[in-house]
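Printed here is target_27.txt (compact mmCIF, C-alpha atoms):
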```
# COMPACT_ATOMS: atom_id res chain seq x y z
CA MET A 1 39.41 22.65 52.79
CA SER A 2 37.14 25.40 54.12
CA ALA A 3 35.36 25.65 50.76
CA ILE A 4 34.76 21.91 50.69
CA HIS A 5 33.40 21.99 54.23
CA THR A 6 31.12 24.87 53.32
CA TRP A 7 29.59 23.01 50.33
CA ALA A 8 29.21 19.84 52.40
CA CYS A 9 27.36 21.71 55.14
CA PHE A 10 25.15 23.41 52.55
CA LEU A 11 24.14 20.12 50.89
CA LEU A 12 23.57 18.48 54.27
CA CYS A 13 21.35 21.32 55.47
CA LEU A 14 19.43 21.23 52.19
CA SER A 15 18.76 17.53 52.57
CA PHE A 16 17.44 18.02 56.12
CA ALA A 17 15.36 21.01 55.10
CA SER A 18 13.40 18.96 52.51
CA PRO A 19 13.37 15.37 53.67
CA ASP A 20 10.32 14.51 51.51
CA LYS A 21 11.64 16.05 48.28
CA THR A 22 10.63 13.85 45.34
CA PRO A 23 11.50 14.09 41.64
CA ASP A 24 9.10 15.87 39.31
CA ILE A 25 6.53 13.63 37.65
CA ILE A 26 5.64 14.24 33.99
CA VAL A 27 2.13 13.25 32.94
CA THR A 28 0.85 13.32 29.35
CA CYS A 29 -2.92 13.45 28.99
CA SER A 30 -5.22 13.32 26.00
CA VAL A 31 -7.77 15.96 25.08
CA SER A 32 -11.24 15.01 26.35
CA GLY A 33 -9.71 12.14 28.29
CA GLU A 34 -9.09 11.54 31.98
CA CYS A 35 -5.90 13.01 33.44
CA VAL A 36 -4.37 11.41 36.54
CA LEU A 37 -1.97 13.45 38.71
CA PRO A 38 -0.34 11.07 41.20
CA CYS A 39 0.51 12.09 44.77
CA SER A 40 1.30 9.81 47.72
CA PHE A 41 2.30 10.68 51.27
CA PRO A 42 2.94 8.97 54.63
CA PRO A 43 -0.49 8.16 56.16
CA GLY A 44 -1.59 10.17 59.12
CA SER A 45 -4.72 11.88 60.42
CA GLU A 46 -6.48 15.22 60.02
CA GLU A 47 -5.25 15.44 56.44
CA THR A 48 -5.36 18.66 54.48
CA ILE A 49 -4.72 18.21 50.77
CA GLU A 50 -4.12 21.17 48.51
CA TRP A 51 -3.40 21.12 44.79
CA PHE A 52 -1.78 24.22 43.31
CA LYS A 53 -1.40 25.26 39.69
CA GLN A 54 1.26 27.91 39.35
CA GLU A 55 0.82 28.65 43.09
CA VAL A 56 -2.95 29.13 42.79
CA VAL A 57 -5.11 26.71 44.76
CA VAL A 58 -7.31 24.79 42.35
CA TYR A 59 -8.49 22.01 44.64
CA LYS A 60 -8.60 21.58 48.43
CA PHE A 61 -9.69 18.72 50.62
CA GLU A 62 -9.76 18.97 54.43
CA ARG A 63 -10.82 16.45 57.04
CA GLU A 64 -11.08 16.94 60.78
CA GLU A 65 -11.97 14.29 63.31
CA LYS A 66 -13.98 15.70 66.26
CA ASP A 67 -13.79 12.68 68.56
CA ASP A 68 -13.99 8.93 68.47
CA ASN A 69 -17.78 8.89 68.31
CA ASP A 70 -18.30 11.57 65.67
CA SER A 71 -17.62 11.08 62.01
CA SER A 72 -15.00 13.14 60.26
CA GLU A 73 -15.82 16.35 58.44
CA GLU A 74 -14.82 16.82 54.83
CA GLU A 75 -14.55 20.09 53.00
CA HIS A 76 -13.96 20.51 49.29
CA PHE A 77 -12.88 23.54 47.29
CA LYS A 78 -12.60 23.60 43.49
CA HIS A 79 -11.41 26.39 41.28
CA GLU A 80 -13.95 27.45 38.68
CA GLN A 81 -11.71 26.03 35.95
CA PHE A 82 -12.00 22.59 37.52
CA ALA A 83 -15.59 22.76 38.78
CA GLY A 84 -17.29 19.46 38.10
CA ARG A 85 -14.09 17.96 36.68
CA ALA A 86 -11.52 17.58 39.48
CA THR A 87 -11.72 15.19 42.41
CA ILE A 88 -9.72 12.83 44.60
CA PHE A 89 -10.62 9.49 46.18
CA PRO A 90 -11.64 10.34 49.78
CA HIS A 91 -11.65 6.73 50.87
CA LEU A 92 -7.99 6.42 49.80
CA VAL A 93 -6.75 9.45 51.70
CA ALA A 94 -6.28 7.46 54.90
CA ARG A 95 -3.97 5.16 52.96
CA GLY A 96 -1.75 8.05 51.87
CA ASN A 97 -3.21 8.58 48.39
CA ALA A 98 -3.94 12.18 47.33
CA THR A 99 -4.08 11.56 43.56
CA LEU A 100 -6.06 14.19 41.64
CA ILE A 101 -8.32 13.18 38.75
CA ILE A 102 -9.19 15.75 36.08
CA ARG A 103 -11.97 14.64 33.75
CA ARG A 104 -12.54 15.96 30.22
CA SER A 105 -9.08 17.43 30.18
CA GLY A 106 -8.24 20.19 27.72
CA LEU A 107 -5.31 22.29 26.59
CA LYS A 108 -5.98 24.80 29.40
CA ASP A 109 -5.06 22.12 31.93
CA ARG A 110 -1.41 22.13 30.86
CA GLY A 111 1.17 23.38 33.32
CA ALA A 112 2.99 22.70 36.59
CA TYR A 113 1.01 21.38 39.54
CA ARG A 114 2.06 20.99 43.18
CA CYS A 115 0.55 18.60 45.66
CA HIS A 116 0.79 19.73 49.31
CA VAL A 117 -0.38 17.41 52.07
CA HIS A 118 -0.41 18.34 55.75
CA THR A 119 -1.17 15.70 58.37
CA SER A 120 -0.93 15.50 62.11
CA LYS A 121 2.46 13.87 61.70
CA SER A 122 4.18 15.53 58.70
CA GLU A 123 3.99 17.57 55.52
CA HIS A 124 4.55 16.38 52.00
CA ASN A 125 5.05 18.12 48.65
CA ALA A 126 5.12 16.69 45.12
CA LYS A 127 5.39 18.39 41.74
CA VAL A 128 3.62 17.16 38.61
CA ILE A 129 4.17 18.51 35.09
CA VAL A 130 1.04 18.05 32.96
CA LYS A 131 1.19 17.90 29.18
CA VAL A 132 -2.01 17.67 27.19
CA GLU A 133 -2.06 16.42 23.62
CA ALA A 134 -4.56 15.46 20.98
CA PRO A 135 -3.00 12.37 19.41
CA ILE A 136 -3.38 11.44 15.77
CA ARG A 137 -6.43 9.24 15.31
CA GLY A 138 -6.12 8.72 11.59
CA LEU A 139 -4.30 9.86 8.47
CA SER A 140 -5.90 10.46 5.07
CA LEU A 141 -4.06 10.37 1.73
CA GLU A 142 -5.92 10.81 -1.55
CA LEU A 143 -5.59 12.11 -5.11
CA SER A 144 -7.16 15.53 -5.67
CA ARG A 145 -7.87 17.45 -8.88
CA LEU A 146 -9.50 20.55 -7.37
CA SER A 147 -6.50 22.77 -8.12
CA GLY A 148 -6.67 22.13 -11.87
CA TYR A 149 -3.95 19.49 -11.77
CA GLU A 150 -3.40 16.19 -10.01
CA GLU A 151 -1.94 16.40 -6.52
CA MET A 152 -1.62 14.18 -3.50
CA LYS A 153 -3.42 15.48 -0.41
CA CYS A 154 -2.36 14.33 3.06
CA SER A 155 -4.68 15.38 5.91
CA VAL A 156 -4.91 14.99 9.67
CA ARG A 157 -7.58 16.52 11.91
CA ASP A 158 -7.86 17.75 15.52
CA VAL A 159 -4.29 17.23 16.71
CA TYR A 160 -2.10 18.99 19.23
CA PRO A 161 0.68 19.97 19.20
CA PRO A 162 1.03 20.71 15.46
CA PRO A 163 2.82 17.75 13.85
CA ARG A 164 5.62 17.58 11.29
CA VAL A 165 4.81 16.35 7.78
CA SER A 166 7.33 14.79 5.37
CA TRP A 167 6.98 13.29 1.87
CA ALA A 168 8.79 10.57 -0.06
CA THR A 169 8.28 8.34 -3.10
CA GLU A 170 8.93 4.70 -3.82
CA PRO A 171 11.06 4.17 -5.79
CA PRO A 172 12.94 7.35 -4.84
CA THR A 173 12.99 10.09 -7.45
CA PHE A 174 15.70 12.61 -8.24
CA GLU A 175 13.16 15.42 -8.51
CA ASP A 176 12.92 17.87 -5.63
CA LEU A 177 9.62 17.34 -3.81
CA GLN A 178 8.00 20.67 -2.97
CA PRO A 179 4.90 20.09 -0.84
CA VAL A 180 2.71 22.91 0.46
CA THR A 181 1.61 22.38 4.09
CA ARG A 182 -1.04 24.46 5.86
CA MET A 183 -2.01 24.31 9.56
CA ARG A 184 -5.11 25.87 11.12
CA ALA A 185 -6.11 25.95 14.80
CA ASP A 186 -9.72 25.99 15.99
CA LYS A 187 -11.15 27.68 19.09
CA GLN A 188 -9.98 24.83 21.32
CA GLY A 189 -6.43 25.09 19.96
CA LEU A 190 -6.60 21.84 17.98
CA TYR A 191 -4.88 21.81 14.60
CA THR A 192 -6.01 20.68 11.19
CA VAL A 193 -3.12 19.93 8.84
CA ASP A 194 -3.34 19.72 5.04
CA SER A 195 -0.22 18.96 3.04
CA ARG A 196 -0.33 18.84 -0.77
CA LEU A 197 2.23 17.51 -3.22
CA LYS A 198 1.89 17.96 -6.99
CA LYS A 199 1.94 14.65 -8.80
CA LEU A 200 5.13 14.13 -10.80
CA ASN A 201 4.76 13.98 -14.58
CA GLY A 202 5.94 10.98 -16.58
CA GLN A 203 6.09 8.65 -13.57
CA PRO A 204 2.65 7.02 -13.32
CA ASN A 205 3.62 4.04 -11.13
CA LEU A 206 5.16 5.95 -8.21
CA ILE A 207 4.08 5.29 -4.64
CA TYR A 208 3.58 8.56 -2.75
CA ILE A 209 4.34 8.37 0.98
CA CYS A 210 3.19 10.87 3.62
CA LYS A 211 4.61 10.65 7.15
CA VAL A 212 3.31 12.62 10.13
CA THR A 213 5.30 12.84 13.39
CA THR A 214 4.28 14.41 16.70
CA SER A 215 6.65 16.47 18.83
CA TYR A 216 5.72 14.61 22.03
CA GLY A 217 7.48 11.52 20.81
CA GLY A 218 4.35 9.51 20.09
CA PRO A 219 4.04 7.03 17.25
CA SER A 220 4.51 8.29 13.70
CA TRP A 221 1.74 7.70 11.19
CA THR A 222 2.48 6.74 7.59
CA ALA A 223 0.13 6.59 4.61
CA SER A 224 1.08 5.64 1.06
CA LEU A 225 -0.89 5.65 -2.19
CA ARG A 226 -0.52 4.39 -5.75
CA GLU A 227 -2.94 5.15 -8.62
CA ARG A 228 -3.20 3.16 -11.87
CA GLU A 229 -5.51 2.40 -14.80
CA ILE A 230 -6.07 -0.92 -16.55
CA ARG A 231 -8.46 -2.25 -19.22
CA GLY A 232 -10.21 -5.56 -19.58
CA THR A 233 -12.71 -7.25 -21.85
CA GLU A 234 -16.16 -8.41 -20.89
CA GLY A 235 -16.23 -12.12 -20.12
CA ARG A 236 -12.44 -12.48 -19.81
CA ASP A 237 -10.84 -12.88 -16.38
CA LEU A 238 -8.82 -9.88 -15.24
CA THR A 239 -6.20 -9.56 -12.48
CA ILE A 240 -6.24 -6.28 -10.56
CA PRO A 241 -2.77 -5.84 -9.00
CA CYS A 242 -2.11 -4.76 -5.42
CA HIS A 243 1.30 -4.97 -3.73
CA ALA A 244 2.24 -3.77 -0.25
CA PRO A 245 5.58 -2.17 0.70
CA PRO A 246 8.13 -4.57 2.22
CA SER A 247 7.84 -2.85 5.62
CA LEU A 248 4.37 -4.29 6.25
CA ASN A 249 4.42 -7.60 8.11
CA LYS A 250 1.24 -9.68 7.93
CA PRO A 251 -1.12 -6.75 7.34
CA PHE A 252 -4.90 -6.66 7.28
CA LEU A 253 -6.35 -6.32 3.77
CA HIS A 254 -9.68 -5.15 2.48
CA TRP A 255 -10.98 -4.54 -1.05
CA SER A 256 -13.79 -2.16 -2.01
CA PHE A 257 -15.46 -1.00 -5.21
CA THR A 258 -17.18 2.20 -6.31
CA ASN A 259 -18.77 3.19 -9.59
CA GLY A 260 -18.99 6.87 -8.73
CA GLU A 261 -22.30 6.56 -6.87
CA ASP A 262 -22.26 3.63 -4.47
CA THR A 263 -19.39 2.01 -2.60
CA SER A 264 -19.43 -1.64 -1.67
CA LEU A 265 -17.04 -3.82 0.30
CA ILE A 266 -15.71 -6.77 -1.68
CA LEU A 267 -13.73 -8.80 0.86
CA THR A 268 -11.50 -8.68 3.93
CA TYR A 269 -8.49 -10.82 4.79
CA ASP A 270 -6.67 -11.10 8.12
CA SER A 271 -3.06 -12.20 7.60
CA GLN A 272 -2.63 -12.96 11.29
CA SER A 273 -5.39 -15.56 11.43
CA GLY A 274 -5.69 -16.37 7.73
CA ASN A 275 -9.45 -15.73 7.80
CA SER A 276 -11.13 -14.18 4.75
CA VAL A 277 -14.67 -12.88 4.31
CA TYR A 278 -16.25 -12.49 0.84
CA LEU A 279 -19.35 -10.36 0.61
CA GLN A 280 -22.23 -10.86 -1.79
CA PRO A 281 -22.59 -10.52 -4.72
CA TRP A 282 -18.79 -10.40 -5.14
CA ASP A 283 -18.20 -13.88 -3.74
CA SER A 284 -18.95 -15.43 -7.16
CA HIS A 285 -16.88 -12.95 -9.18
CA VAL A 286 -13.59 -12.49 -7.30
CA GLU A 287 -10.77 -14.68 -6.05
CA LEU A 288 -7.84 -13.91 -3.73
CA ASP A 289 -4.68 -15.93 -3.15
CA GLY A 290 -4.59 -16.04 0.63
CA TYR A 291 -1.12 -17.60 0.71
CA ALA A 292 0.37 -14.56 -1.06
CA VAL A 293 -1.21 -11.83 1.10
CA PRO A 294 1.20 -12.21 4.09
CA PHE A 295 4.03 -11.64 1.61
CA GLY A 296 2.51 -8.40 0.32
CA ASP A 297 0.63 -9.63 -2.76
CA GLY A 298 -3.06 -8.86 -2.44
CA SER A 299 -3.91 -8.94 -6.15
CA LEU A 300 -7.55 -9.66 -6.93
CA ARG A 301 -8.76 -11.89 -9.76
CA LEU A 302 -11.99 -10.64 -11.32
CA MET A 303 -13.81 -13.50 -13.01
CA ASP A 304 -16.26 -13.12 -15.90
CA PRO A 305 -16.47 -9.31 -15.64
CA LYS A 306 -19.47 -7.45 -17.07
CA HIS A 307 -19.25 -4.18 -18.96
CA LEU A 308 -21.63 -2.12 -16.82
CA GLN A 309 -21.60 -4.10 -13.60
CA HIS A 310 -17.84 -4.28 -12.92
CA MET A 311 -16.44 -1.11 -14.49
CA GLY A 312 -15.31 1.43 -11.88
CA SER A 313 -12.71 2.08 -9.19
CA TYR A 314 -11.24 -0.78 -7.14
CA THR A 315 -9.40 0.04 -3.92
CA CYS A 316 -7.23 -2.26 -1.85
CA VAL A 317 -5.90 -1.16 1.55
CA PHE A 318 -3.15 -2.86 3.54
CA SER A 319 -3.30 -1.70 7.15
CA MET A 320 -1.38 -2.11 10.37
CA PRO A 321 -1.26 0.07 13.50
CA TYR A 322 -0.18 3.56 12.36
CA ILE A 323 0.53 2.38 8.77
CA THR A 324 -1.74 2.15 5.72
CA HIS A 325 -0.97 1.50 2.07
CA THR A 326 -3.64 2.09 -0.56
CA GLU A 327 -3.74 1.16 -4.24
CA ARG A 328 -6.60 2.53 -6.31
CA THR A 329 -7.17 1.09 -9.78
CA GLU A 330 -9.54 2.48 -12.39
CA VAL A 331 -10.83 -0.51 -14.35
CA ALA A 332 -12.44 -0.11 -17.79
CA ILE A 333 -14.32 -3.15 -19.14
CA ASP A 334 -14.72 -3.08 -22.94
CA TYR A 335 -18.06 -4.29 -24.26
CA TYR A 336 -17.69 -7.60 -26.07
CA ASP A 337 -19.52 -7.52 -29.49
CA VAL A 338 -19.37 -10.91 -31.24
CA ASP A 339 -20.19 -9.58 -34.74
CA ARG A 340 -17.76 -6.67 -34.46
CA THR A 341 -15.05 -8.86 -33.02
CA THR A 342 -15.43 -11.36 -35.85
CA ALA A 343 -15.38 -8.61 -38.50
CA GLU A 344 -12.40 -6.84 -37.02
CA LYS A 345 -10.46 -9.97 -36.29
CA PRO A 346 -7.53 -10.16 -38.75
CA SER A 347 -7.28 -13.18 -41.08
CA TYR A 348 -4.11 -15.22 -41.19
CA TRP A 349 -5.18 -17.83 -43.81
CA TRP A 350 -3.01 -16.18 -46.47
CA ILE A 351 0.02 -16.97 -44.35
CA VAL A 352 -1.01 -20.63 -44.18
CA GLY A 353 -1.54 -20.74 -47.96
CA LEU A 354 1.83 -19.16 -48.60
CA VAL A 355 3.56 -21.67 -46.36
CA VAL A 356 1.81 -24.59 -48.11
CA ALA A 357 2.75 -23.23 -51.57
CA LEU A 358 6.38 -22.85 -50.54
CA LEU A 359 6.40 -26.41 -49.22
CA VAL A 360 4.94 -27.74 -52.50
CA VAL A 361 7.51 -25.84 -54.59
CA ALA A 362 10.32 -27.02 -52.36
CA LEU A 363 9.11 -30.63 -52.56
CA ALA A 364 8.80 -30.48 -56.40
CA GLY A 365 12.27 -29.01 -56.70
CA MET A 366 13.69 -31.72 -54.47
CA LEU A 367 12.03 -34.48 -56.52
CA ALA A 368 13.36 -33.01 -59.78
CA TYR A 369 16.81 -32.73 -58.30
CA LEU A 370 16.76 -36.35 -57.13
CA LYS A 371 15.51 -37.54 -60.56
CA VAL A 372 18.23 -35.74 -62.47
CA LYS A 373 20.83 -36.88 -60.03
CA GLY A 374 19.67 -40.50 -60.43
CA VAL A 375 19.91 -40.37 -64.27
CA LEU A 376 23.39 -38.91 -64.24
CA SER A 377 24.52 -41.48 -61.77
CA LYS A 378 23.18 -44.31 -63.97
CA ASN A 379 24.95 -42.95 -67.04
CA ARG A 380 28.29 -42.86 -65.27
CA LYS A 381 27.95 -46.54 -64.32
CA ASP A 382 27.29 -47.80 -68.01
CA PRO A 383 29.38 -45.75 -70.50
CA GLU A 384 29.07 -48.34 -73.39
CA ALA A 385 25.31 -48.13 -73.25
CA VAL A 386 25.56 -44.40 -73.39
CA THR A 387 27.82 -44.64 -76.50
CA GLU A 388 25.50 -47.11 -78.21
CA LEU A 389 22.54 -44.94 -77.34
CA HIS A 390 24.24 -41.96 -78.93
CA LEU A 391 25.00 -44.04 -82.08
CA VAL A 392 21.43 -45.13 -82.35
CA LYS A 393 20.26 -41.55 -81.96
CA ASP A 394 22.69 -40.38 -84.63
CA LEU A 395 21.68 -43.21 -87.00
CA SER A 396 18.04 -42.39 -86.47
CA ALA A 397 18.74 -38.80 -87.28
CA VAL A 398 20.57 -39.81 -90.50
CA ASN A 399 17.79 -42.14 -91.57
CA GLU A 400 15.17 -39.48 -91.00
CA SER A 401 17.09 -36.94 -93.06
CA SER A 402 18.19 -39.37 -95.92
CA PRO A 403 16.08 -39.45 -99.15
CA LEU A 404 16.42 -43.25 -99.20
CA THR A 405 13.94 -43.49 -96.42
CA VAL A 406 11.20 -41.90 -98.51
CA GLY A 407 8.58 -44.35 -99.82
CA GLY A 408 8.55 -45.50 -103.62
CA THR A 409 5.87 -44.94 -106.24
CA ASN A 410 4.20 -48.20 -105.40
CA GLY A 411 3.75 -47.15 -101.75
CA GLN A 412 6.31 -49.61 -100.34
CA SER A 413 9.44 -48.75 -98.52
CA ALA A 414 12.62 -48.94 -100.54
CA SER A 415 15.26 -51.15 -99.00
CA PRO A 416 18.82 -50.02 -99.38
CA THR A 417 21.19 -52.31 -101.17
CA ASP A 418 24.25 -53.79 -99.69
CA SER A 419 26.46 -51.50 -101.70
CA GLN A 420 24.63 -48.49 -100.43
CA LEU A 421 24.96 -49.59 -96.82
CA THR A 422 28.68 -50.10 -97.31
```
Please re-express this file's structure in structure tokens.
Amino acid sequence: MSAIHTWACFLLCLSFASPDKTPDIIVTCSVSGECVLPCSFPPGSEETIEWFKQEVVVYKFEREEKDDNDSSEEEHFKHEQFAGRATIFPHLVARGNATLIIRRSGLKDRGAYRCHVHTSKSEHNAKVIVKVEAPIRGLSLELSRLSGYEEMKCSVRDVYPPPRVSWATEPPTFEDLQPVTRMRADKQGLYTVDSRLKKLNGQPNLIYICKVTTSYGGPSWTASLREREIRGTEGRDLTIPCHAPPSLNKPFLHWSFTNGEDTSLILTYDSQSGNSVYLQPWDSHVELDGYAVPFGDGSLRLMDPKHLQHMGSYTCVFSMPYITHTERTEVAIDYYDVDRTTAEKPSYWWIVGLVVALLVVALAGMLAYLKVKGVLSKNRKDPEAVTELHLVKDLSAVNESSPLTVGGTNGQSASPTDSQLT
């Protein structure tokens, strides 16, 4: 029991020794932004406010009231690191607010701060942990050929702390992805990150996905890219495909075009509102199915394309907060030559002639078959006529071969006698 009593007395004494003990406050600030270090205390008079960083006074505010008729005196002290950047709100001190504001915060402002307030009535202490980060403002993913081969390049600039980069493909591939990631810090301590992944051979329709995650638990950024090539013919409508990943819900879409020199915006479409904007001169040459965009189909129909005017690179970008998906399509428009097309166009008239000839032969064969079949059928129905016909044919043959049928010397036909016939 003595041990229990000893621990109870210790905890009780500790609670009385620090009646204003408050939990540590963690503040995350952005580089070049405004950092707010909160501190509140019971209001009193003759306040003295001191802010410490690692037990070094960096800011001090003191006010003394001489009497009821004289105004209070205020004294300020700022460490050289915070000169021109740190301040409090003097008019809020009487209300118990000793919050410190640090403007244009940087990585040097990180660390543990302590707020100490002494008044005519009490003392107050508060501890603030300050973290400073440079959040990701944007993520770039593009195809590069500077290394002598095609590779995907994922880049992020001016970030802190250094982020983590991961790669994936859609659909997933069984090949082991081996990206090369480099990080460089500038004089301010901000990082530039370049991660490169060699493009896989034999899989031209893959979507390459780059994901960047910060260690402070902020939002992850994701960028994906697909490259393709298609061909069209001048004067014939062409559909340029563009499909978003299923994870995007009602994204914003914009199309652009470049011919290697100039880049122009074609159109924009807001899936949330359903509003679309077509820019000239593309408004008369392109068409978008607005009903399909919220479901991830942003394909563009190019109408009456011209060889020189519309050949180039078309880029569609689906975007949402922290997520972008890009599809870049190289479009080649073949020149339409009427004379060459007519000369090179294969002729199929010989096929038509062959079919007609076969039909004529088949029809003639069918007619001959029906004729023969009709004669045979008639002969079966009248056998006596067939016998008589045969007798007549035989008699005619005998008459033609008999010498009695030859004419006499007087030029008249000789008639056979009755005895000869019998």
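Ranking A:Tyr208, A:Tyr149, A:Tyr59, A:Tyr348 by their shortest atom-to-atom distance to Pro171 in chain A, with all atoms listed in the file included, puts A:Tyr208 first.
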Which residues come within 8 Å of range 43-58 of chain A, counting only C-alpha atoms, excluding same-chain residues fewer than 3 positions away, as a PyMOL selection string? chain A and resi 61-65+77-79+81-82+93-96+98+111-122
Name all residues at most 8 Å from Arg85 in chain A (count all atoms listed in the file; drop same-chain ones fewer than 2 positions away) and give them as a list in words.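 The contact residues come out as Phe82, Ala83, Thr87, Ile101, Ile102, Arg103 and Arg104 of chain A.
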Please list as a PyMOL selection string every residue within 8 Å of range 232-245 of chain A, counting all atoms listed in the file and excluding residues in the same chain fewer than 2 positions away. chain A and resi 230+247-248+296-307+316+318+325+327+329+331-336
The residues within 8 Å of (5.8, 16.1, 28.8), using all atoms listed in the file and the coordinates of the file, should be reported as a list in words; which are they?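 Neighbouring residues, ordered by chain and number, come to Ile26, Val27, Thr28, Ile129, Val130, Lys131 and Tyr216 of chain A.
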With C-alpha atoms retained, export the selected residues as a PDB file, in the frame of the given file.
```pdb
ATOM      1  CA  ILE A  26       5.640  14.240  33.990  1.00  0.00           C
ATOM      2  CA  VAL A  27       2.130  13.250  32.940  1.00  0.00           C
ATOM      3  CA  THR A  28       0.850  13.320  29.350  1.00  0.00           C
ATOM      4  CA  ILE A 129       4.170  18.510  35.090  1.00  0.00           C
ATOM      5  CA  VAL A 130       1.040  18.050  32.960  1.00  0.00           C
ATOM      6  CA  LYS A 131       1.190  17.900  29.180  1.00  0.00           C
ATOM      7  CA  TYR A 216       5.720  14.610  22.030  1.00  0.00           C
TER       8      TYR A 216
END
```
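Take CA of Thr214 in chain A and CA of Phe174 in chain A: the distance between them is 27.5 Å.
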One decimal, Å: what's the distance from CA of Arg196 in chain A over to CA of Arg145 in chain A, could you say?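 Those two atoms sit 11.2 Å apart.
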